[in-house]
$ cat coords_4.cif   # mmCIF, C-alpha atoms
data_input
loop_
_atom_site.label_atom_id
_atom_site.label_comp_id
_atom_site.auth_asym_id
_atom_site.auth_seq_id
_atom_site.Cartn_x
_atom_site.Cartn_y
_atom_site.Cartn_z
CA MET A 11 39.97 -72.07 73.30
CA LEU A 12 40.75 -71.52 69.65
CA LYS A 13 44.21 -73.01 70.08
CA THR A 14 42.72 -76.12 71.62
CA ILE A 15 40.32 -76.62 68.66
CA PHE A 16 43.14 -76.08 66.19
CA VAL A 17 45.31 -78.71 67.87
CA ILE A 18 42.44 -81.27 67.82
CA LEU A 19 41.82 -80.72 64.07
CA LEU A 20 45.52 -81.06 63.29
CA LEU A 21 45.79 -84.35 65.16
CA GLY A 22 42.65 -85.73 63.43
CA THR A 23 44.09 -84.91 60.04
CA GLN A 24 47.35 -86.76 60.78
CA VAL A 25 45.44 -89.84 62.00
CA ALA A 26 43.34 -89.92 58.83
CA PHE A 27 46.44 -89.55 56.64
CA ALA A 28 48.13 -92.39 58.52
CA LYS A 29 45.15 -94.69 57.91
CA SER A 30 45.12 -93.92 54.18
CA SER A 31 48.80 -94.66 53.87
CA LYS A 32 48.27 -97.96 55.66
CA TYR A 33 45.69 -99.22 53.14
CA ASP A 34 47.74 -98.09 50.14
CA ARG A 35 50.57 -100.44 51.04
CA SER A 36 50.49 -103.93 49.45
CA ALA A 37 49.91 -106.74 51.91
CA PRO A 38 52.60 -109.40 52.11
CA ASN A 39 51.76 -112.80 50.50
CA PRO A 40 50.90 -115.32 53.22
CA THR A 41 52.84 -118.55 53.29
CA PRO A 42 50.40 -121.41 52.42
CA SER A 43 50.02 -124.02 55.08
CA PRO A 44 49.71 -127.76 54.26
CA ASP A 45 46.07 -127.75 55.25
CA SER A 46 45.28 -124.84 52.96
CA ALA A 47 47.10 -126.55 50.06
CA VAL A 48 44.93 -129.61 50.42
CA SER A 49 41.86 -127.43 50.59
CA ASP A 50 42.87 -125.57 47.41
CA ALA A 51 43.55 -128.85 45.57
CA SER A 52 40.13 -130.23 46.42
CA LYS A 53 38.56 -126.98 45.24
CA SER A 54 40.49 -127.29 41.95
CA ASP A 55 39.30 -130.86 41.50
CA SER A 56 35.74 -129.88 42.19
CA VAL A 57 36.00 -127.21 39.52
CA LYS A 58 37.27 -129.76 37.02
CA ILE A 59 34.40 -132.11 37.74
CA ASP A 60 31.83 -129.34 37.43
CA SER A 61 33.32 -128.13 34.15
CA SER A 62 32.97 -131.57 32.57
CA LYS A 63 29.21 -131.76 32.83
CA ASP A 64 28.89 -131.90 29.05
CA SER A 65 31.09 -135.00 28.83
CA SER A 66 29.04 -136.76 31.53
CA LYS A 67 26.03 -136.59 29.21
CA SER A 68 27.66 -139.26 27.06
CA GLY A 69 27.10 -141.80 29.81
CA VAL A 70 30.78 -142.01 30.89
CA THR A 71 31.25 -141.91 34.67
CA THR A 72 34.59 -141.68 36.49
CA PRO A 73 35.60 -141.48 40.16
CA ALA A 74 35.66 -138.02 41.70
CA GLY A 75 38.91 -136.18 41.13
CA ASP A 76 39.85 -138.00 37.87
CA LYS A 77 40.22 -136.07 34.66
CA LYS A 78 37.38 -136.64 32.16
CA VAL A 79 37.57 -136.73 28.35
CA ASP A 80 35.07 -134.70 26.35
CA LEU A 81 33.37 -137.24 24.04
CA THR A 82 31.07 -134.78 22.28
CA ASP A 83 33.16 -134.61 19.11
CA LEU A 84 33.50 -138.39 19.02
CA GLU A 85 29.74 -138.80 19.33
CA ASN A 86 29.09 -136.29 16.57
CA ARG A 87 31.45 -138.14 14.22
CA TYR A 88 29.96 -141.53 15.13
CA TRP A 89 26.34 -140.58 14.41
CA THR A 90 26.92 -139.22 10.93
CA ALA A 91 24.43 -139.50 8.07
CA LYS A 92 26.56 -141.95 6.12
CA ASP A 93 26.52 -144.35 9.07
CA THR A 94 22.72 -144.42 9.10
CA GLU A 95 22.28 -144.98 5.34
CA PHE A 96 22.28 -148.71 4.65
CA ASN A 97 20.25 -151.29 2.73
CA VAL A 98 17.72 -153.37 4.64
CA VAL A 99 18.64 -156.50 2.68
CA GLN A 100 22.27 -156.48 1.66
CA ASN A 101 24.55 -158.85 -0.26
CA ARG A 102 22.11 -160.30 -2.84
CA LEU A 103 22.78 -163.97 -3.27
CA TYR A 104 21.11 -164.13 -6.71
CA THR A 105 21.23 -161.26 -9.19
CA LYS A 106 19.27 -160.44 -12.38
CA ALA A 107 21.09 -157.39 -13.75
CA HIS A 108 22.13 -157.67 -17.42
CA ARG A 109 20.68 -161.18 -17.75
CA PHE A 110 18.05 -162.81 -19.98
CA ALA A 111 15.32 -164.98 -18.47
CA LEU A 112 13.11 -167.55 -20.21
CA ASN A 113 9.80 -168.59 -18.62
CA PRO A 114 7.59 -171.46 -19.86
CA MET A 115 4.25 -171.05 -18.07
CA VAL A 116 0.75 -172.52 -17.78
CA GLY A 117 -2.39 -171.02 -16.26
CA THR A 118 -6.07 -170.21 -16.38
CA ASP A 119 -8.50 -167.27 -16.46
CA LEU A 120 -9.94 -166.87 -12.96
CA SER A 121 -12.70 -164.44 -13.98
CA SER A 122 -14.28 -166.07 -17.06
CA GLN A 123 -18.03 -166.76 -16.71
CA TYR A 124 -18.75 -168.48 -20.02
CA THR A 125 -15.72 -170.66 -20.66
CA ASN A 126 -13.06 -172.72 -18.91
CA ASP A 127 -9.78 -171.34 -20.23
CA TYR A 128 -6.38 -173.05 -20.05
CA ASN A 129 -3.27 -171.20 -21.19
CA ILE A 130 0.16 -172.42 -22.18
CA GLY A 131 2.78 -169.85 -23.09
CA LEU A 132 6.27 -168.44 -22.95
CA GLN A 133 7.93 -165.27 -21.61
CA LEU A 134 11.28 -163.76 -22.55
CA SER A 135 12.68 -161.09 -20.21
CA TYR A 136 15.78 -158.93 -20.02
CA TYR A 137 16.82 -157.05 -16.86
CA PHE A 138 18.74 -153.79 -17.22
CA SER A 139 19.36 -153.75 -13.46
CA GLU A 140 18.07 -155.39 -10.30
CA ARG A 141 15.09 -153.02 -10.38
CA GLU A 142 14.15 -152.72 -14.06
CA GLY A 143 13.55 -154.93 -17.08
CA VAL A 144 11.24 -155.70 -20.02
CA THR A 145 9.24 -158.80 -20.97
CA LEU A 146 7.75 -160.17 -24.18
CA GLN A 147 5.10 -162.82 -23.67
CA GLY A 148 2.47 -164.83 -25.46
CA TRP A 149 0.21 -167.78 -24.82
CA ARG A 150 -2.31 -169.96 -26.55
CA THR A 151 -5.73 -170.54 -24.94
CA SER A 152 -7.81 -173.69 -25.04
CA ALA A 153 -11.44 -172.81 -24.14
CA SER A 154 -14.45 -174.98 -23.46
CA PRO A 155 -18.00 -174.08 -22.24
CA ALA A 156 -18.24 -173.57 -18.49
CA SER A 157 -20.72 -175.35 -16.24
CA PHE A 158 -22.78 -172.18 -16.43
CA ALA A 159 -23.64 -173.16 -20.03
CA THR A 160 -25.38 -176.39 -19.05
CA THR A 161 -28.27 -174.37 -17.63
CA PHE A 162 -28.94 -172.85 -21.06
CA GLN A 163 -28.64 -176.25 -22.69
CA GLN A 164 -31.27 -177.80 -20.40
CA TYR A 165 -33.84 -175.19 -21.38
CA GLY A 166 -32.98 -175.16 -25.05
CA ALA A 167 -31.65 -171.61 -24.94
CA ALA A 168 -28.49 -170.18 -26.43
CA TYR A 169 -26.14 -167.43 -25.44
CA ASN A 170 -23.56 -165.49 -27.43
CA TYR A 171 -20.02 -164.85 -26.26
CA ASN A 172 -16.43 -164.51 -27.40
CA SER A 173 -14.12 -167.41 -26.79
CA PRO A 174 -10.50 -166.34 -25.94
CA GLN A 175 -7.85 -167.76 -28.23
CA GLY A 176 -4.66 -166.31 -26.76
CA TYR A 177 -2.64 -163.22 -25.96
CA ILE A 178 0.55 -161.48 -27.10
CA GLY A 179 2.09 -158.42 -25.46
CA ALA A 180 5.00 -156.61 -23.87
CA SER A 181 5.51 -155.10 -20.44
CA TYR A 182 7.92 -153.01 -18.40
CA ASN A 183 9.14 -154.67 -15.20
CA TRP A 184 9.70 -152.69 -12.01
CA VAL A 185 11.02 -154.73 -9.06
CA PRO A 186 10.43 -152.79 -5.80
CA ILE A 187 10.74 -155.79 -3.45
CA TYR A 188 13.59 -158.21 -2.86
CA ALA A 189 13.50 -160.21 0.36
CA LYS A 190 14.65 -163.25 2.30
CA LEU A 191 12.29 -165.70 4.01
CA SER A 192 12.89 -168.43 6.53
CA LEU A 193 11.33 -171.77 5.57
CA LEU A 194 10.61 -173.69 8.79
CA GLU A 195 13.80 -172.16 10.21
CA LYS A 196 15.77 -174.64 8.10
CA LYS A 197 16.29 -172.83 4.79
CA ILE A 198 16.48 -169.23 3.58
CA LEU A 199 14.38 -168.45 0.49
CA TYR A 200 15.23 -165.49 -1.75
CA PHE A 201 12.43 -163.90 -3.76
CA ASP A 202 11.43 -160.71 -5.51
CA MET A 203 8.15 -159.11 -6.56
CA SER A 204 7.62 -156.95 -9.63
CA VAL A 205 4.88 -154.71 -10.99
CA ASN A 206 4.60 -154.94 -14.78
CA PRO A 207 2.45 -152.44 -16.73
CA GLY A 208 2.07 -153.42 -20.37
CA LEU A 209 0.16 -153.38 -23.62
CA GLY A 210 -0.90 -156.20 -25.94
CA LEU A 211 -3.60 -157.92 -27.96
CA THR A 212 -6.20 -160.42 -26.75
CA LEU A 213 -7.27 -162.83 -29.50
CA LEU A 214 -11.02 -163.61 -29.51
CA GLN A 215 -13.45 -165.63 -31.59
CA SER A 216 -17.22 -165.16 -31.60
CA ASN A 217 -19.17 -168.19 -30.44
CA SER A 218 -22.51 -169.41 -29.09
CA PHE A 219 -23.76 -172.33 -27.11
CA GLY A 220 -27.19 -174.01 -27.20
CA THR A 221 -29.21 -176.86 -28.62
CA THR A 222 -30.91 -175.14 -31.50
CA VAL A 223 -28.54 -172.42 -32.63
CA ASN A 224 -25.14 -172.88 -34.20
CA GLN A 225 -22.97 -170.00 -35.34
CA PRO A 226 -22.44 -170.43 -39.08
CA ASN A 227 -19.44 -168.14 -39.49
CA SER A 228 -17.50 -167.10 -36.41
CA ILE A 229 -15.71 -163.75 -36.34
CA SER A 230 -12.19 -163.28 -35.00
CA GLN A 231 -11.10 -160.19 -33.09
CA SER A 232 -7.84 -158.72 -31.81
CA ALA A 233 -8.71 -156.54 -28.83
CA VAL A 234 -6.17 -153.94 -27.65
CA THR A 235 -5.40 -154.83 -24.04
CA ALA A 236 -3.96 -152.82 -21.16
CA SER A 237 -2.32 -154.93 -18.49
CA ILE A 238 -0.93 -154.53 -15.00
CA ASP A 239 0.72 -157.77 -13.93
CA ILE A 240 2.09 -158.76 -10.52
CA SER A 241 4.93 -161.30 -10.55
CA GLN A 242 6.81 -163.16 -7.86
CA GLN A 243 9.95 -165.25 -8.26
CA VAL A 244 11.39 -167.63 -5.67
CA PHE A 245 15.03 -168.36 -6.48
CA LEU A 246 16.26 -171.93 -6.34
CA SER A 247 19.76 -171.22 -7.62
CA SER A 248 21.59 -168.62 -9.70
CA HIS A 249 19.97 -170.06 -12.88
CA TRP A 250 16.56 -171.34 -11.75
CA ALA A 251 13.50 -169.86 -10.07
CA ILE A 252 9.80 -170.58 -9.66
CA LYS A 253 7.58 -167.81 -11.04
CA LEU A 254 3.95 -166.92 -10.27
CA ASP A 255 2.01 -164.24 -12.18
CA ILE A 256 -1.36 -162.58 -11.63
CA ASP A 257 -2.18 -160.79 -14.90
CA ASN A 258 -4.87 -158.12 -14.86
CA HIS A 259 -6.15 -157.41 -18.38
CA ILE A 260 -8.72 -154.87 -19.56
CA TYR A 261 -9.92 -154.76 -23.16
CA PRO A 262 -13.01 -153.84 -25.28
CA GLU A 263 -14.84 -156.59 -27.15
CA THR A 264 -17.81 -156.94 -29.51
CA ILE A 265 -20.37 -159.71 -29.01
CA TYR A 266 -22.11 -161.01 -32.18
CA TYR A 267 -25.45 -162.77 -32.58
CA ALA A 268 -25.23 -166.39 -33.61
CA GLY A 269 -28.40 -166.20 -35.75
CA GLY A 270 -31.46 -168.40 -35.78
CA GLY A 271 -33.67 -165.80 -34.10
CA GLN A 272 -34.96 -162.38 -34.96
CA GLN A 273 -31.44 -160.98 -35.32
CA PRO A 274 -29.36 -161.93 -38.35
CA ALA A 275 -26.26 -164.01 -37.82
CA ASN A 276 -23.06 -162.11 -37.00
CA SER A 277 -24.84 -158.84 -36.33
CA VAL A 278 -23.58 -156.87 -33.32
CA ALA A 279 -25.27 -157.82 -30.08
CA GLN A 280 -23.19 -155.86 -27.59
CA ASN A 281 -20.03 -153.81 -27.11
CA LYS A 282 -18.49 -154.05 -23.67
CA ILE A 283 -15.33 -153.68 -21.60
CA THR A 284 -14.01 -156.94 -20.18
CA TYR A 285 -11.72 -157.50 -17.20
CA SER A 286 -9.71 -160.71 -16.92
CA ALA A 287 -7.67 -161.96 -13.97
CA ILE A 288 -5.28 -164.62 -15.23
CA PHE A 289 -3.19 -166.90 -13.04
CA MET A 290 0.07 -168.20 -14.52
CA LEU A 291 2.68 -170.50 -12.98
CA GLY A 292 6.03 -171.58 -14.40
CA VAL A 293 9.78 -171.76 -14.03
CA THR A 294 12.47 -169.21 -14.86
CA PHE A 295 15.80 -170.01 -16.44
CA PHE A 296 18.44 -167.26 -16.21
CA GLN A 297 21.17 -167.42 -18.84
#
$ encode --input "coords_4.cif" --output "structure tokens"
Amino acid sequence: MLKTIFVILLLGTQVAFAKSSKYDRSAPNPTPSPDSAVSDASKSDSVKIDSSKDSSKSGVTTPAGDKKVDLTDLENRYWTAKDTEFNVVQNRLYTKAHRFALNPMVGTDLSSQYTNDYNIGLQLSYYFSEREGVTLQGWRTSASPASFATTFQQYGAAYNYNSPQGYIGASYNWVPIYAKLSLLEKKILYFDMSVNPGLGLTLLQSNSFGTTVNQPNSISQSAVTASIDISQQVFLSSHWAIKLDIDNHIYPETIYYAGGGQQPANSVAQNKITYSAIFMLGVTFFQ
């Protein structure tokens, strides 16, 4: 009985050893068949298509099986910052930089209550660049009583006021806007707009209006004036332009009594701050 068990164990050990040796041997490489080659090629192509998913994001599509080009680097170079930095209006047809400009102008005070004012004047400008310049200007004012004064005249009353005589001043010009406009789709107009803060003097003369009171000795004043002007120029050629100004002036003034009543002539009636909105129109000649 013991011999029989020993023989069975010995045979089992040899069988197990034989199986281990079998799996340790390297298996021979199979010869690929034509069908398997085609199958492997299609698998390779499918891998190439799947690996090019990033390039398909660029919107480029190709038939299945074709090689695709990765356009990511090309897209990154195309959308660079320098390609997105450009001027809205390019290639100025008319320039102002390093040029003098002379402007004869006429206008009126749009805010005066007591007088009708008509101005005639001159501006001289120099532009350091397309965006910056300076202007010297002055005008003479011709003033007459406004229709408001006829009411006082009818009732024999008088009122005291200062009659403007003119203005002289200087301003800094900042030109934030240059644009092109289509005129009836037949002509392109070129214009710019500037903001001009400045300082000057408003020339005044005390006056009165009425039937019974006449000012014996009028008093002249030079009121320090702060200004913020808005200007627009429409270019006609490289040397000529039409210019429109809205001048906003603020200054202190003293009103004097005309006399003939309880107050002596030329005594102070009122001190006040006056705002004037002045419209001016003219032409510009660039040297």
$ closest_residue --input "coords_4.cif" --among "A:Trp250, A:Phe158, A:Tyr104, A:Tyr137" --to "Tyr124 of chain A" --atoms "all atoms listed in the file"
A:Phe158
$ closest_residue --input "coords_4.cif" --among "A:Met203, A:Leu213, A:Ala236, A:Ala287" --to "Arg150 of chain A" --atoms "all atoms listed in the file"
A:Leu213
$ residues_around --input "coords_4.cif" --residues "Leu103 of chain A" --least-positions-apart "3" --cutoff "10 Å" --atoms "only C-alpha atoms" --output "list in words"
Gln100, Lys190, Tyr200, Phe245, Ser247 and Ser248 of chain A
$ closest_residue --input "coords_4.cif" --among "A:Phe138, A:Phe289, A:Ile238, A:Ser173" --to "Thr118 of chain A" --atoms "all atoms listed in the file"
A:Phe289
$ closest_residue --input "coords_4.cif" --among "A:Gly131, A:Pro155, A:Gly292, A:Pro207" --to "Lys253 of chain A" --atoms "all atoms listed in the file"
A:Gly292
$ atom_distance --input "coords_4.cif" --atom1 "atom CA of Phe295 of chain A" --atom2 "atom CA of Asp239 of chain A"
19.6 Å
$ resolve_selection --input "coords_4.cif" --expression "the PyMOL selection byres ((chain A and resi 257-269) around 8)" --output "number ranges by chain"
A: 170-172, 212, 216-218, 223-226, 231, 233-240, 255-256, 270-290
$ write_last_selection --input "coords_4.cif" --atoms "C-alpha atoms" --output "PDB file, in the frame of the given file"
ATOM      1  CA  ASN A 170     -23.560-165.490 -27.430  1.00  0.00           C
ATOM      2  CA  TYR A 171     -20.020-164.850 -26.260  1.00  0.00           C
ATOM      3  CA  ASN A 172     -16.430-164.510 -27.400  1.00  0.00           C
ATOM      4  CA  THR A 212      -6.200-160.420 -26.750  1.00  0.00           C
ATOM      5  CA  SER A 216     -17.220-165.160 -31.600  1.00  0.00           C
ATOM      6  CA  ASN A 217     -19.170-168.190 -30.440  1.00  0.00           C
ATOM      7  CA  SER A 218     -22.510-169.410 -29.090  1.00  0.00           C
ATOM      8  CA  VAL A 223     -28.540-172.420 -32.630  1.00  0.00           C
ATOM      9  CA  ASN A 224     -25.140-172.880 -34.200  1.00  0.00           C
ATOM     10  CA  GLN A 225     -22.970-170.000 -35.340  1.00  0.00           C
ATOM     11  CA  PRO A 226     -22.440-170.430 -39.080  1.00  0.00           C
ATOM     12  CA  GLN A 231     -11.100-160.190 -33.090  1.00  0.00           C
ATOM     13  CA  ALA A 233      -8.710-156.540 -28.830  1.00  0.00           C
ATOM     14  CA  VAL A 234      -6.170-153.940 -27.650  1.00  0.00           C
ATOM     15  CA  THR A 235      -5.400-154.830 -24.040  1.00  0.00           C
ATOM     16  CA  ALA A 236      -3.960-152.820 -21.160  1.00  0.00           C
ATOM     17  CA  SER A 237      -2.320-154.930 -18.490  1.00  0.00           C
ATOM     18  CA  ILE A 238      -0.930-154.530 -15.000  1.00  0.00           C
ATOM     19  CA  ASP A 239       0.720-157.770 -13.930  1.00  0.00           C
ATOM     20  CA  ILE A 240       2.090-158.760 -10.520  1.00  0.00           C
ATOM     21  CA  ASP A 255       2.010-164.240 -12.180  1.00  0.00           C
ATOM     22  CA  ILE A 256      -1.360-162.580 -11.630  1.00  0.00           C
ATOM     23  CA  GLY A 270     -31.460-168.400 -35.780  1.00  0.00           C
ATOM     24  CA  GLY A 271     -33.670-165.800 -34.100  1.00  0.00           C
ATOM     25  CA  GLN A 272     -34.960-162.380 -34.960  1.00  0.00           C
ATOM     26  CA  GLN A 273     -31.440-160.980 -35.320  1.00  0.00           C
ATOM     27  CA  PRO A 274     -29.360-161.930 -38.350  1.00  0.00           C
ATOM     28  CA  ALA A 275     -26.260-164.010 -37.820  1.00  0.00           C
ATOM     29  CA  ASN A 276     -23.060-162.110 -37.000  1.00  0.00           C
ATOM     30  CA  SER A 277     -24.840-158.840 -36.330  1.00  0.00           C
ATOM     31  CA  VAL A 278     -23.580-156.870 -33.320  1.00  0.00           C
ATOM     32  CA  ALA A 279     -25.270-157.820 -30.080  1.00  0.00           C
ATOM     33  CA  GLN A 280     -23.190-155.860 -27.590  1.00  0.00           C
ATOM     34  CA  ASN A 281     -20.030-153.810 -27.110  1.00  0.00           C
ATOM     35  CA  LYS A 282     -18.490-154.050 -23.670  1.00  0.00           C
ATOM     36  CA  ILE A 283     -15.330-153.680 -21.600  1.00  0.00           C
ATOM     37  CA  THR A 284     -14.010-156.940 -20.180  1.00  0.00           C
ATOM     38  CA  TYR A 285     -11.720-157.500 -17.200  1.00  0.00           C
ATOM     39  CA  SER A 286      -9.710-160.710 -16.920  1.00  0.00           C
ATOM     40  CA  ALA A 287      -7.670-161.960 -13.970  1.00  0.00           C
ATOM     41  CA  ILE A 288      -5.280-164.620 -15.230  1.00  0.00           C
ATOM     42  CA  PHE A 289      -3.190-166.900 -13.040  1.00  0.00           C
ATOM     43  CA  MET A 290       0.070-168.200 -14.520  1.00  0.00           C
TER      44      MET A 290
END
$ atom_distance --input "coords_4.cif" --atom1 "atom CA of Gly210 of chain A" --atom2 "atom CA of Ser157 of chain A"
29.2 Å
$ resolve_selection --input "coords_4.cif" --expression "the PyMOL selection byres ((chain A and resi 126) around 12)" --output "CSV table (one decimal) with C-alpha atoms, keeping the file's coordinate frame"
chain,number,residue,atom,x,y,z
A,117,GLY,CA,-2.4,-171.0,-16.3
A,118,THR,CA,-6.1,-170.2,-16.4
A,119,ASP,CA,-8.5,-167.3,-16.5
A,120,LEU,CA,-9.9,-166.9,-13.0
A,121,SER,CA,-12.7,-164.4,-14.0
A,122,SER,CA,-14.3,-166.1,-17.1
A,123,GLN,CA,-18.0,-166.8,-16.7
A,124,TYR,CA,-18.8,-168.5,-20.0
A,125,THR,CA,-15.7,-170.7,-20.7
A,127,ASP,CA,-9.8,-171.3,-20.2
A,128,TYR,CA,-6.4,-173.0,-20.0
A,129,ASN,CA,-3.3,-171.2,-21.2
A,151,THR,CA,-5.7,-170.5,-24.9
A,152,SER,CA,-7.8,-173.7,-25.0
A,153,ALA,CA,-11.4,-172.8,-24.1
A,154,SER,CA,-14.4,-175.0,-23.5
A,155,PRO,CA,-18.0,-174.1,-22.2
A,156,ALA,CA,-18.2,-173.6,-18.5
A,157,SER,CA,-20.7,-175.4,-16.2
A,158,PHE,CA,-22.8,-172.2,-16.4
A,159,ALA,CA,-23.6,-173.2,-20.0
A,173,SER,CA,-14.1,-167.4,-26.8
A,174,PRO,CA,-10.5,-166.3,-25.9
A,175,GLN,CA,-7.8,-167.8,-28.2
A,288,ILE,CA,-5.3,-164.6,-15.2
$ closest_residue --input "coords_4.cif" --among "A:Ala251, A:Leu209, A:Leu81, A:Ile178" --to "Ala111 of chain A" --atoms "only C-alpha atoms"
A:Ala251
$ atom_distance --input "coords_4.cif" --atom1 "atom CA of Ala189 of chain A" --atom2 "atom CA of Phe201 of chain A"
5.6 Å
